[in-house]
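Participant: My questions will all concern the structure given below.
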Amino acid sequence: MSVRCLRSYSTSNIKSKLDHYIETGQISKYAPRQLERKFQKGPLKSEAYSPQKALLILKAKYDSSLFQDANGQGIRLSSLAAKDLGVSSPKSLQIYKNLHHIKSATRKSIDKRLLLALMGTNEAQLKDPYLVTADVLKLLERDGETTRALGLIRLARAGSSVLGIVGMNAILQWLLEKRDHKQAIKCLNDRKKWGIPLNSHTYVILFDGLSTSHEWGKAQDETCQFALELFEKYRVESIDGDPKKLGKCGIEHFNALLSFLVKNFTNEQELAWAVFDTLKGKKTDDAKKIPTLVPNSQTFTIFLNGLKKYSEAQATTIKANKKLTNKAKSAQLIKNHQTLVETANLILDKVIKASTPPIPPTKEQAQEDPEVLVTYRAQMNRILMTIDPAFVSVFVSCYINGFSGSGVDIDGGSHYKYVQQGLEYLKAWCPEIDQMFQFVNEQARADNIISPGKSVKYITDTRLKNSQDDKEDLTPTLPQLDPSKINPMVVFPPSPFSKNKTRAIFSDKKKPLVDFTRLTYDEVQMILADKNFKDSRGKYGKKMPANIQLTQTTKKQGINKFLLMNVFDGLVRLGRHQEFILSMWYALDRWGGLDLQKEFDYFKCEKFLTSERYPKFYVDKKEVGTQVDTKKLTEKQKSTDDSIVDLLLVENLIYKLNEQFKQKGLSANNTIVEVFSALVNKDINLAYKLVPRFKTVDVIFSSLMTDIHYFNDYTFNQEQLNKSKESKEPKELKVKNTKEDKYHRYISKDQLSHFLPSLAHFMDSLLVFESQKSSQDKYLLPNMYLESLNRILDRLYSAAWINVNAEDSIMFHKYIIRSGIMLFKPREFVDPREKLEYASIIKSLRAYHQWFKENKNLSKQDVRMGNSIKALFQLRKTDTDSEDKLKSILKSIYRHSEQ
């Protein structure tokens with residue numbers, strides 16, 4: 001190499017080191033090119049050993065007698081293989097622990113490269129916060145303890161305290177998720193010993209973790225006091241601390257702490273109430289001014305939800321108190337609910353006050369007194385609270401709930417007056433709910449959808465009257481709500497995007513105080529920060545996360561599934577069953593992607609799908625698809641929103657239909673099956689975003705089974721009542737099998753007529769749904785479904801069918817046959833090695849076959865079905881093409897079983 005080349009190369013290295021110093025302020029011994037050449041020559045000395053090399057070092061430096069496994073048994077190093085030192089091997093953890101015991105005893109350091117090998121990392125990874133966190137999480141997952149994870153952090157923090165902070169935060173969160181509070185607090189104390197400071201995120205993780213890992217009412221006083229003192233200390237330290245390291249104490253930290261303190265029920269949640277006093281700023285002993293923390297909507301949502309949970313716990317305690325009479329329990333439950341509602345109203349007043357903007361002056365007032373405009377501009381800078389759906393949902397649930405016991409009975413929910421008030425709030429704050437009520441009122445021809453049903457009103461008033469004495473009146477007295485006061489039209493300060501703010505002040509554009517479609521303050525600030533980031537090319541502001549898409553013109557949905565569930569709960573509590581069903585179909589049609597309105601029989605409210613609209617199962621796969629209305633499909637896809645109606649909401653509605661709609665010995669199983677059938681039918685479920693899952697089917701099977709239990713209990717009680725009204729020598733029950741008397745399993749003709757068609761429709765729809773998943777010509781359902789069906793059939797067969805004649809019996813057996821014939825197989829054809837379940841409908845097949853043999857002058861359909869069943873009984877496994885013949889027979893029976 002020439003002298004000129006050497007001089008050029010040397011100058012280049014000096015320039016590179018100088019550029020590095022200007023950019024980072026650090027003096028580097030080597031230029032980047034020199035470092036690259038060093039790496040190319042071979043690994044640095046601080047790189048981890050390979051498993052083979054680590055094993056050789058371990059055997060060379062240590063004696064086997066020093067190593068023990070988890071059970072105290074000795075570990076023979078000579079018997080170890082290289083794979084035993086891999087990070088995923090259980091033995092590597094024990095070897096790591098033994099090395100640390102040796103270090104504690106001998107005071108000699110351990111070979112770092114050996115430790116790196118046992119932890120499955122290397123020096124380069126220790127310098128990356130993301131990789132350190134990932135390695136820590138992997139070690140926690142593999143080991144189920146913190147030993148190696150803490151060791152990794154101690155190695156990482158030597159390079160930078162930031163690396164230690166990130167890793168320790170991960171361990172803290174893991175311990176709290178495991179509900180190991182003792183180790184979590186020890187983890188905080190270890191940070192002080194190792195010089196790893198706490199940052200802003202640490203406190204959020206700690207308080208949130210303490211909250212989620214404690215049950216309601218189980219937060220201990222000592223732990224709560226520790227958290228409160230830690231918060232107050234952090235708040236003082238953050239005044240002068242480095243914002244980049246420690247961070248500023250903000251309302252998000254307060255909210256996290258509050259979410260934990262409300263789970264402490266000592267002295268009526270004294271700590272949660274007291275912590276609100278810390279929001280206000282004050283001076284410390286060294287005259288430092290602690291700034292005020294401004295609460296947001298989440299603050300009051302957390303607090304109000306905590307108060308509701310406390311009220312729920314109080315109600316449970318009252319109900320469980322065996323020393324109280326039912327009258328005393330009723331009185332205390334009503335008072336308990338009244339206290340909750342009064343407290344919720346006080347909180348609402350504060351929230352509305354914090355959300356209401358100052359009244360702007362008129363143009364004339366500003367011209368007359370310019371100081372008025374100056375004062376208003378100063379008031380404009382106050383951050384306005386946003387009344388969001390989360391707060392409203394919790395607030396309304398204080399009025400409408402299932403635990404208060406102020407309604408029809410002790411175990412019932414809210415008094416109908418509280419329910420009415422809660423629904424009035426929803427109407428005032430959510431136009432979508434108001435529109436739904438107007439629609440239902442019109443279709444059901446009801447004067448007021450939120451007035452109580454006659455039976456609910458009578459039972460509740462009677463119970464209330466019997467629970468009070470002459471000294472007090474427990475009847476809820478609620479003020480008449482004025483929508484103009486709880487959701488007034490106000491003038492908001494000019495938008496940050498407004499070009500002429502002075503003109504905007506005098507525009508007098510009024511908007512509703514509560515509008516869920518409007519962007520919140522935080523969202524507006526996010527848009528502004530993103531705009532500044534783009535305009536300054538990354539110098540100022542902050543880029544909006546990729547998963548969030550917001551603009552100045554973004555309009556959010558004005559309703560969500562939690563608000564909808566409040567509506568459905570309220571309608572159930574009012575006894576408005578017909579309106580509940582109409583509202584359910586309205587929601588499925590409006591936001592669930594279903595095209596149902598043409599099928600409504602609004603006035604009878606009995607069937608919402610015509611028989612032609614149930615999904616048809618074509619045994620020969622010859623279904624002809626209908627022509628799709630492209631325009632309607634597009635509209636449904638746009639209107640479908642899983643934040644409003646999702647599958648979980650549908651399953652909750654099915655649960656409510658099953659639990660709350662049982663009356664006079666019948667149930668809502670027909671409506672439940674109609675919902676499932678509508679979801680399965682692609683001609684109705686146009687958007688096809690609400691697709692049933694295993695849980696959905698399981699919920700329906702469970703509902704059908706609980707219906708049968710209800711039928712049994714109701715019919716048995718009715719029969720016992722009838723017996724008591726008869727003479728001393730009661731007549732025998734008209735039952736099919738009197739030996740079932742001892743089991744109290746009865747089911748009436750009306751109940752069978754109500755239940756079995758729904759079962760048949762459900763199984764048809766389920767076959768359609770399962771066949772849509774596979775193009776194969778097979779109709780078997782998963783074993784779990786068949787097991788559920790067979791439990792239902794077994795219960796039906798074991799019950800005594802009351803007042804059922806021979807003609808009725810055959811009709812019911814036909815429904816059972818249709819429900820399971822495509823899932824049936826004669827015992828001779830069942831291969832036990834396949835471990836498949838089949839429908840147990842043999843009793844119905846035999847009953848129909850016997851009836852077919854004994855009767856003449858049957859319809860063509862009955863004759864064909866009877867002949868097919870006869871052929872089924874005569875078929876043998878040894879026959880030629882027996883499997884194909886079996887399929888053909890089953891299809892024939894299915895076709896002719898339709899009624």
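By convention in this document, the chains of the structure tokens carry letters A, B, ... by their order, each chain's residues are numbered from 1, and ligands are numbered from 1 in the order they are shown.
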Just want the 9 Å neighbourhood of segment 649-664 of chain A, counted on only C-alpha atoms, with same-chain residues fewer than 2 positions away dropped. Output as a PyMOL selection string.

Facilitator: chain A and resi 561-562+564-565+568-569+572+575+577+581+584+588+644-647+666-669+671-672+675+690+695-696+699-700+703-704+706-707+710+714

Participant: Please provide the set of residues having any atom within 6 Å of segment 516-528 of chain A, restricted to only C-alpha atoms, with same-chain residues fewer than 5 positions apart removed, written as JSON, numbers by chain.

Facilitator: {"A": [555, 556, 557, 558]}

Participant: Keeping only C-alpha atoms, write those residues as a short mmCIF file (atom, residue, chain, number, x, y, z; two decimals), in the first residue's frame.

Facilitator:
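Output file part_4.cif is given in full below:
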data_model
loop_
_atom_site.label_atom_id
_atom_site.label_comp_id
_atom_site.auth_asym_id
_atom_site.auth_seq_id
_atom_site.Cartn_x
_atom_site.Cartn_y
_atom_site.Cartn_z
CA LYS A 555 -67.11 10.36 13.40
CA LYS A 556 -67.27 7.55 15.92
CA GLN A 557 -70.18 5.25 16.64
CA GLY A 558 -72.69 6.78 19.04
#

Participant: Pick out the closest residue to Met380 of chain A from this set: A:Lys501, A:Lys127, A:Lys825, A:Arg833. Count only C-alpha atoms.

Facilitator: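 Selected residue with least distance to Met380 of chain A: A:Lys501.
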
Participant: Pull the helix (DSSP H, G or I) assignments for segment 98-275 of chain A out of DSSP run on the backbone, and list those residues as an mmCIF file with C-alpha atoms, in the first residue's frame.

Facilitator:
data_model
loop_
_atom_site.group_PDB
_atom_site.id
_atom_site.type_symbol
_atom_site.label_atom_id
_atom_site.label_comp_id
_atom_site.auth_asym_id
_atom_site.auth_seq_id
_atom_site.Cartn_x
_atom_site.Cartn_y
_atom_site.Cartn_z
ATOM 1 C CA ASN A 98 -25.807 -23.932 42.027
ATOM 2 C CA LEU A 99 -23.289 -21.582 40.451
ATOM 3 C CA HIS A 100 -24.777 -18.691 42.399
ATOM 4 C CA HIS A 101 -24.649 -20.700 45.627
ATOM 5 C CA ILE A 102 -20.985 -21.389 44.949
ATOM 6 C CA LYS A 103 -20.392 -17.693 44.289
ATOM 7 C CA SER A 104 -22.039 -16.759 47.616
ATOM 8 C CA ALA A 105 -19.920 -19.283 49.475
ATOM 9 C CA THR A 106 -16.546 -18.638 47.801
ATOM 10 C CA LYS A 112 -19.816 -14.303 32.510
ATOM 11 C CA ARG A 113 -19.755 -16.165 29.210
ATOM 12 C CA LEU A 114 -20.843 -19.315 31.031
ATOM 13 C CA LEU A 115 -23.787 -17.460 32.584
ATOM 14 C CA LEU A 116 -24.772 -16.070 29.198
ATOM 15 C CA ALA A 117 -24.820 -19.594 27.786
ATOM 16 C CA LEU A 118 -27.068 -20.823 30.626
ATOM 17 C CA MET A 119 -29.458 -17.897 30.044
ATOM 18 C CA GLN A 125 -28.601 -8.863 22.984
ATOM 19 C CA LEU A 126 -27.880 -7.393 26.405
ATOM 20 C CA LYS A 127 -27.568 -3.971 24.769
ATOM 21 C CA PRO A 129 -33.980 -3.148 25.531
ATOM 22 C CA TYR A 130 -36.416 -5.031 23.308
ATOM 23 C CA LEU A 131 -34.313 -8.204 23.237
ATOM 24 C CA VAL A 132 -33.629 -8.002 26.975
ATOM 25 C CA THR A 133 -37.367 -7.831 27.676
ATOM 26 C CA ALA A 134 -38.057 -10.706 25.271
ATOM 27 C CA ASP A 135 -35.365 -12.868 26.916
ATOM 28 C CA VAL A 136 -36.669 -12.031 30.398
ATOM 29 C CA LEU A 137 -40.195 -13.055 29.429
ATOM 30 C CA LYS A 138 -38.944 -16.297 27.884
ATOM 31 C CA LEU A 139 -37.018 -17.187 31.043
ATOM 32 C CA LEU A 140 -40.025 -16.422 33.234
ATOM 33 C CA GLU A 141 -42.218 -18.604 31.049
ATOM 34 C CA ARG A 142 -39.738 -21.502 30.992
ATOM 35 C CA ASP A 143 -38.663 -21.430 34.646
ATOM 36 C CA THR A 147 -33.984 -16.498 39.369
ATOM 37 C CA ARG A 148 -32.480 -16.492 35.868
ATOM 38 C CA ALA A 149 -34.551 -13.508 34.722
ATOM 39 C CA LEU A 150 -33.155 -11.397 37.581
ATOM 40 C CA GLY A 151 -29.664 -12.611 36.798
ATOM 41 C CA LEU A 152 -30.079 -11.530 33.185
ATOM 42 C CA ILE A 153 -31.190 -8.062 34.271
ATOM 43 C CA ARG A 154 -28.226 -7.679 36.615
ATOM 44 C CA LEU A 155 -25.930 -8.381 33.688
ATOM 45 C CA ALA A 156 -27.848 -6.014 31.395
ATOM 46 C CA SER A 161 -29.786 1.494 33.733
ATOM 47 C CA VAL A 162 -32.460 1.745 31.026
ATOM 48 C CA LEU A 163 -31.991 -1.942 30.236
ATOM 49 C CA GLY A 164 -32.479 -2.800 33.899
ATOM 50 C CA ILE A 165 -35.636 -0.667 34.133
ATOM 51 C CA VAL A 166 -37.318 -2.351 31.174
ATOM 52 C CA GLY A 167 -36.470 -5.855 32.382
ATOM 53 C CA MET A 168 -37.505 -5.238 35.988
ATOM 54 C CA ASN A 169 -40.814 -3.796 34.799
ATOM 55 C CA ALA A 170 -41.432 -7.028 32.894
ATOM 56 C CA ILE A 171 -40.691 -9.125 36.007
ATOM 57 C CA LEU A 172 -42.909 -6.904 38.165
ATOM 58 C CA GLN A 173 -45.806 -7.331 35.773
ATOM 59 C CA TRP A 174 -45.274 -11.106 35.617
ATOM 60 C CA LEU A 175 -45.279 -11.428 39.409
ATOM 61 C CA LEU A 176 -48.465 -9.387 39.718
ATOM 62 C CA GLU A 177 -50.180 -11.497 37.076
ATOM 63 C CA HIS A 181 -47.594 -9.674 45.823
ATOM 64 C CA LYS A 182 -44.848 -10.461 48.326
ATOM 65 C CA GLN A 183 -42.285 -11.121 45.602
ATOM 66 C CA ALA A 184 -43.518 -8.109 43.621
ATOM 67 C CA ILE A 185 -42.775 -5.767 46.531
ATOM 68 C CA LYS A 186 -39.419 -7.513 47.067
ATOM 69 C CA CYS A 187 -38.728 -6.883 43.379
ATOM 70 C CA LEU A 188 -39.235 -3.137 43.988
ATOM 71 C CA ASN A 189 -36.845 -3.199 46.957
ATOM 72 C CA ASP A 190 -34.195 -5.123 44.966
ATOM 73 C CA ARG A 191 -34.187 -2.350 42.400
ATOM 74 C CA LYS A 192 -32.922 0.075 45.029
ATOM 75 C CA LYS A 193 -30.081 -2.293 46.005
ATOM 76 C CA TRP A 194 -29.013 -2.726 42.389
ATOM 77 C CA SER A 200 -43.307 6.330 35.044
ATOM 78 C CA HIS A 201 -44.350 3.015 33.531
ATOM 79 C CA THR A 202 -43.319 1.127 36.678
ATOM 80 C CA TYR A 203 -45.987 2.837 38.772
ATOM 81 C CA VAL A 204 -48.728 2.193 36.219
ATOM 82 C CA ILE A 205 -47.723 -1.499 36.060
ATOM 83 C CA LEU A 206 -47.644 -1.742 39.856
ATOM 84 C CA PHE A 207 -51.006 -0.108 40.577
ATOM 85 C CA ASP A 208 -52.779 -1.752 37.649
ATOM 86 C CA GLY A 209 -51.267 -5.110 38.575
ATOM 87 C CA LEU A 210 -52.347 -4.786 42.199
ATOM 88 C CA SER A 211 -55.850 -3.924 41.028
ATOM 89 C CA THR A 212 -56.282 -6.800 38.582
ATOM 90 C CA ASP A 221 -55.239 -2.233 54.263
ATOM 91 C CA GLU A 222 -51.452 -2.585 54.514
ATOM 92 C CA THR A 223 -50.965 -3.079 50.770
ATOM 93 C CA CYS A 224 -53.292 -0.159 49.966
ATOM 94 C CA GLN A 225 -51.428 2.105 52.374
ATOM 95 C CA PHE A 226 -48.108 1.045 50.838
ATOM 96 C CA ALA A 227 -49.395 1.875 47.336
ATOM 97 C CA LEU A 228 -50.757 5.245 48.461
ATOM 98 C CA GLU A 229 -47.475 6.237 50.141
ATOM 99 C CA LEU A 230 -45.495 5.135 47.090
ATOM 100 C CA PHE A 231 -47.743 7.253 44.852
ATOM 101 C CA GLU A 232 -47.336 10.346 47.042
ATOM 102 C CA LYS A 233 -43.559 9.871 47.134
ATOM 103 C CA TYR A 234 -43.416 9.514 43.342
ATOM 104 C CA ARG A 235 -45.546 12.616 42.902
ATOM 105 C CA VAL A 236 -43.064 14.686 44.924
ATOM 106 C CA GLU A 237 -39.989 13.170 43.247
ATOM 107 C CA SER A 238 -41.382 13.767 39.754
ATOM 108 C CA ILE A 239 -41.399 17.556 40.298
ATOM 109 C CA ASP A 240 -37.618 17.880 40.010
ATOM 110 C CA ILE A 251 -53.736 11.385 36.044
ATOM 111 C CA GLU A 252 -53.051 7.953 34.507
ATOM 112 C CA HIS A 253 -51.046 7.064 37.632
ATOM 113 C CA PHE A 254 -53.817 8.342 39.882
ATOM 114 C CA ASN A 255 -56.415 6.320 37.976
ATOM 115 C CA ALA A 256 -54.308 3.174 38.272
ATOM 116 C CA LEU A 257 -53.965 3.720 42.030
ATOM 117 C CA LEU A 258 -57.692 4.455 42.410
ATOM 118 C CA SER A 259 -58.617 1.237 40.568
ATOM 119 C CA PHE A 260 -56.788 -0.620 43.331
ATOM 120 C CA LEU A 261 -58.000 1.391 46.325
ATOM 121 C CA GLU A 270 -62.540 5.180 53.179
ATOM 122 C CA LEU A 271 -59.179 5.097 51.362
ATOM 123 C CA ALA A 272 -60.788 5.531 47.929
ATOM 124 C CA TRP A 273 -62.782 8.525 49.127
ATOM 125 C CA ALA A 274 -59.755 10.038 50.867
ATOM 126 C CA VAL A 275 -57.434 9.720 47.863
#

Participant: Could you tell me, as a ChimeraX atom specification, which residues of segment 427-513 of chain A DSSP assigns to strand (DSSP E or B) when given the backbone?

Facilitator: /A:489-491,510-512

Participant: Filtering to C-alpha atoms, could you give me those residues as a PDB file, in the first residue's frame?

Facilitator:
ATOM      1  CA  MET A 489     -77.034  22.475  24.035  1.00  0.00           C
ATOM      2  CA  VAL A 490     -73.815  24.417  24.703  1.00  0.00           C
ATOM      3  CA  VAL A 491     -71.231  26.460  22.797  1.00  0.00           C
ATOM      4  CA  LYS A 510     -74.543  25.055  19.875  1.00  0.00           C
ATOM      5  CA  LYS A 511     -73.912  21.336  20.215  1.00  0.00           C
ATOM      6  CA  PRO A 512     -75.141  18.724  22.696  1.00  0.00           C
TER       7      PRO A 512
END

Participant: Just the number, please: distance in Å from atom CA of Ile459 of chain A to atom CA of Tyr416 of chain A, one decimal.

Facilitator: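 Going from atom CA of Ile459 of chain A over to atom CA of Tyr416 of chain A covers 10.7 Å.
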
Participant: At what distance in Å, to one decimal, does atom CA of Thr339 of chain A lie from atom CA of Asn401 of chain A?

Facilitator: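 For atom CA of Asn401 of chain A relative to atom CA of Thr339 of chain A, the distance reads 14.2 Å.
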
Participant: For Ala428 of chain A, list every protein, DNA or RNA residue within 10 Å, evaluated using only C-alpha atoms, and leave out those in the same chain fewer than 2 positions away; present the list as a PyMOL selection string.

Facilitator: chain A and resi 423-426+430-434+481-488+514

Participant: Mind giving me the straight-line distance from atom CA of Val294 of chain A to atom CA of Asn547 of chain A in Å, one decimal?

Facilitator: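 Rounded to one decimal, the two atoms are 27.8 Å apart.
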
Participant: For Arg791 of chain A, work out the shell of residues within 10 Å, counting only C-alpha atoms and skipping chain neighbours fewer than 6 positions away, then give it as a PDB file with N, CA and C atoms, in the first residue's frame.

Facilitator:
ATOM      1  N   PHE A 701     -77.811 -25.450  23.255  1.00  0.00           N
ATOM      2  CA  PHE A 701     -78.063 -26.790  23.803  1.00  0.00           C
ATOM      3  C   PHE A 701     -78.358 -26.703  25.313  1.00  0.00           C
ATOM      4  N   MET A 705     -81.832 -27.731  27.326  1.00  0.00           N
ATOM      5  CA  MET A 705     -81.845 -28.661  28.454  1.00  0.00           C
ATOM      6  C   MET A 705     -82.495 -28.020  29.691  1.00  0.00           C
ATOM      7  N   TYR A 797     -87.274 -38.889  26.729  1.00  0.00           N
ATOM      8  CA  TYR A 797     -87.767 -40.264  26.789  1.00  0.00           C
ATOM      9  C   TYR A 797     -88.087 -40.702  28.219  1.00  0.00           C
ATOM     10  N   ALA A 839     -76.934 -40.176  17.053  1.00  0.00           N
ATOM     11  CA  ALA A 839     -78.183 -39.773  17.704  1.00  0.00           C
ATOM     12  C   ALA A 839     -78.941 -40.994  18.210  1.00  0.00           C
ATOM     13  N   SER A 840     -79.386 -40.909  19.467  1.00  0.00           N
ATOM     14  CA  SER A 840     -80.099 -42.036  20.097  1.00  0.00           C
ATOM     15  C   SER A 840     -81.603 -41.860  19.920  1.00  0.00           C
TER      16      SER A 840
END

Participant: With a distance cut-off of 10 Å and only C-alpha atoms, select the neighbouring residues of segment 348-362 of chain A, excluding the residue or stretch itself and same-chain residues fewer than 4 positions from it, and output the selection as a PyMOL selection string.

Facilitator: chain A and resi 294-297+300-301+304+342-344+366-370+372-373+375-377+379-380+382-387+391-392+395+485-493+505-508+513-514

Participant: Please produce a file of those selected residues containing C-alpha atoms, as an mmCIF file, in the first residue's frame.

Facilitator:
data_model
loop_
_atom_site.group_PDB
_atom_site.id
_atom_site.type_symbol
_atom_site.label_atom_id
_atom_site.label_comp_id
_atom_site.auth_asym_id
_atom_site.auth_seq_id
_atom_site.Cartn_x
_atom_site.Cartn_y
_atom_site.Cartn_z
ATOM 1 C CA VAL A 294 -57.112 17.131 36.715
ATOM 2 C CA PRO A 295 -59.461 14.101 36.848
ATOM 3 C CA ASN A 296 -60.862 12.784 33.596
ATOM 4 C CA SER A 297 -63.922 10.708 32.755
ATOM 5 C CA PHE A 300 -64.993 8.969 37.840
ATOM 6 C CA THR A 301 -65.825 5.789 35.907
ATOM 7 C CA LEU A 304 -68.329 4.912 40.418
ATOM 8 C CA GLU A 342 -77.915 9.118 45.348
ATOM 9 C CA THR A 343 -74.115 8.792 45.272
ATOM 10 C CA ALA A 344 -74.152 8.206 41.514
ATOM 11 C CA ALA A 366 -67.037 42.032 23.881
ATOM 12 C CA GLN A 367 -67.161 45.397 22.124
ATOM 13 C CA GLU A 368 -68.622 47.047 25.181
ATOM 14 C CA ASP A 369 -66.140 45.461 27.604
ATOM 15 C CA PRO A 370 -63.003 43.888 25.991
ATOM 16 C CA VAL A 372 -64.919 39.978 29.080
ATOM 17 C CA LEU A 373 -63.323 38.440 26.005
ATOM 18 C CA THR A 375 -61.529 36.420 30.683
ATOM 19 C CA TYR A 376 -63.302 33.976 28.370
ATOM 20 C CA ARG A 377 -60.087 33.235 26.469
ATOM 21 C CA GLN A 379 -61.319 30.065 30.703
ATOM 22 C CA MET A 380 -61.081 28.383 27.305
ATOM 23 C CA ARG A 382 -59.414 24.625 30.883
ATOM 24 C CA ILE A 383 -59.452 21.003 29.757
ATOM 25 C CA LEU A 384 -63.071 19.896 29.512
ATOM 26 C CA MET A 385 -64.004 16.441 30.697
ATOM 27 C CA THR A 386 -65.655 14.164 28.149
ATOM 28 C CA ILE A 387 -68.718 12.183 29.194
ATOM 29 C CA PHE A 391 -68.956 6.375 32.257
ATOM 30 C CA VAL A 392 -72.562 6.360 31.048
ATOM 31 C CA PHE A 395 -73.725 5.209 35.735
ATOM 32 C CA LYS A 485 -80.523 19.836 31.585
ATOM 33 C CA ILE A 486 -78.756 16.488 31.539
ATOM 34 C CA ASN A 487 -77.718 16.966 27.913
ATOM 35 C CA PRO A 488 -77.970 20.695 27.240
ATOM 36 C CA MET A 489 -77.034 22.475 24.035
ATOM 37 C CA VAL A 490 -73.815 24.417 24.703
ATOM 38 C CA VAL A 491 -71.231 26.460 22.797
ATOM 39 C CA PHE A 492 -67.828 24.802 22.858
ATOM 40 C CA PRO A 493 -64.573 26.798 22.600
ATOM 41 C CA ILE A 505 -66.214 32.446 19.503
ATOM 42 C CA PHE A 506 -69.075 34.606 18.284
ATOM 43 C CA SER A 507 -70.581 31.989 15.954
ATOM 44 C CA ASP A 508 -73.031 30.759 18.648
ATOM 45 C CA LEU A 513 -72.949 18.434 25.777
ATOM 46 C CA VAL A 514 -72.903 14.628 25.453
#

Participant: Find the residue from A:Tyr310, A:Phe824, A:Trp591, A:Phe303 that sits nearest to Lys689 of chain A; use only C-alpha atoms when measuring.

Facilitator: A:Trp591

Participant: What's the 7 Å shell around Pro51 of chain A, counting only C-alpha atoms, without same-chain residues fewer than 5 positions away, as a PDB file with C-alpha atoms, in the first residue's frame?

Facilitator:
ATOM      1  CA  ALA A  82     -24.311 -30.331  25.924  1.00  0.00           C
ATOM      2  CA  LYS A  83     -28.095 -30.169  25.472  1.00  0.00           C
ATOM      3  CA  LEU A  85     -27.008 -26.646  29.336  1.00  0.00           C
ATOM      4  CA  GLY A  86     -29.507 -25.328  26.781  1.00  0.00           C
ATOM      5  CA  ALA A 117     -24.820 -19.594  27.786  1.00  0.00           C
TER       6      ALA A 117
END
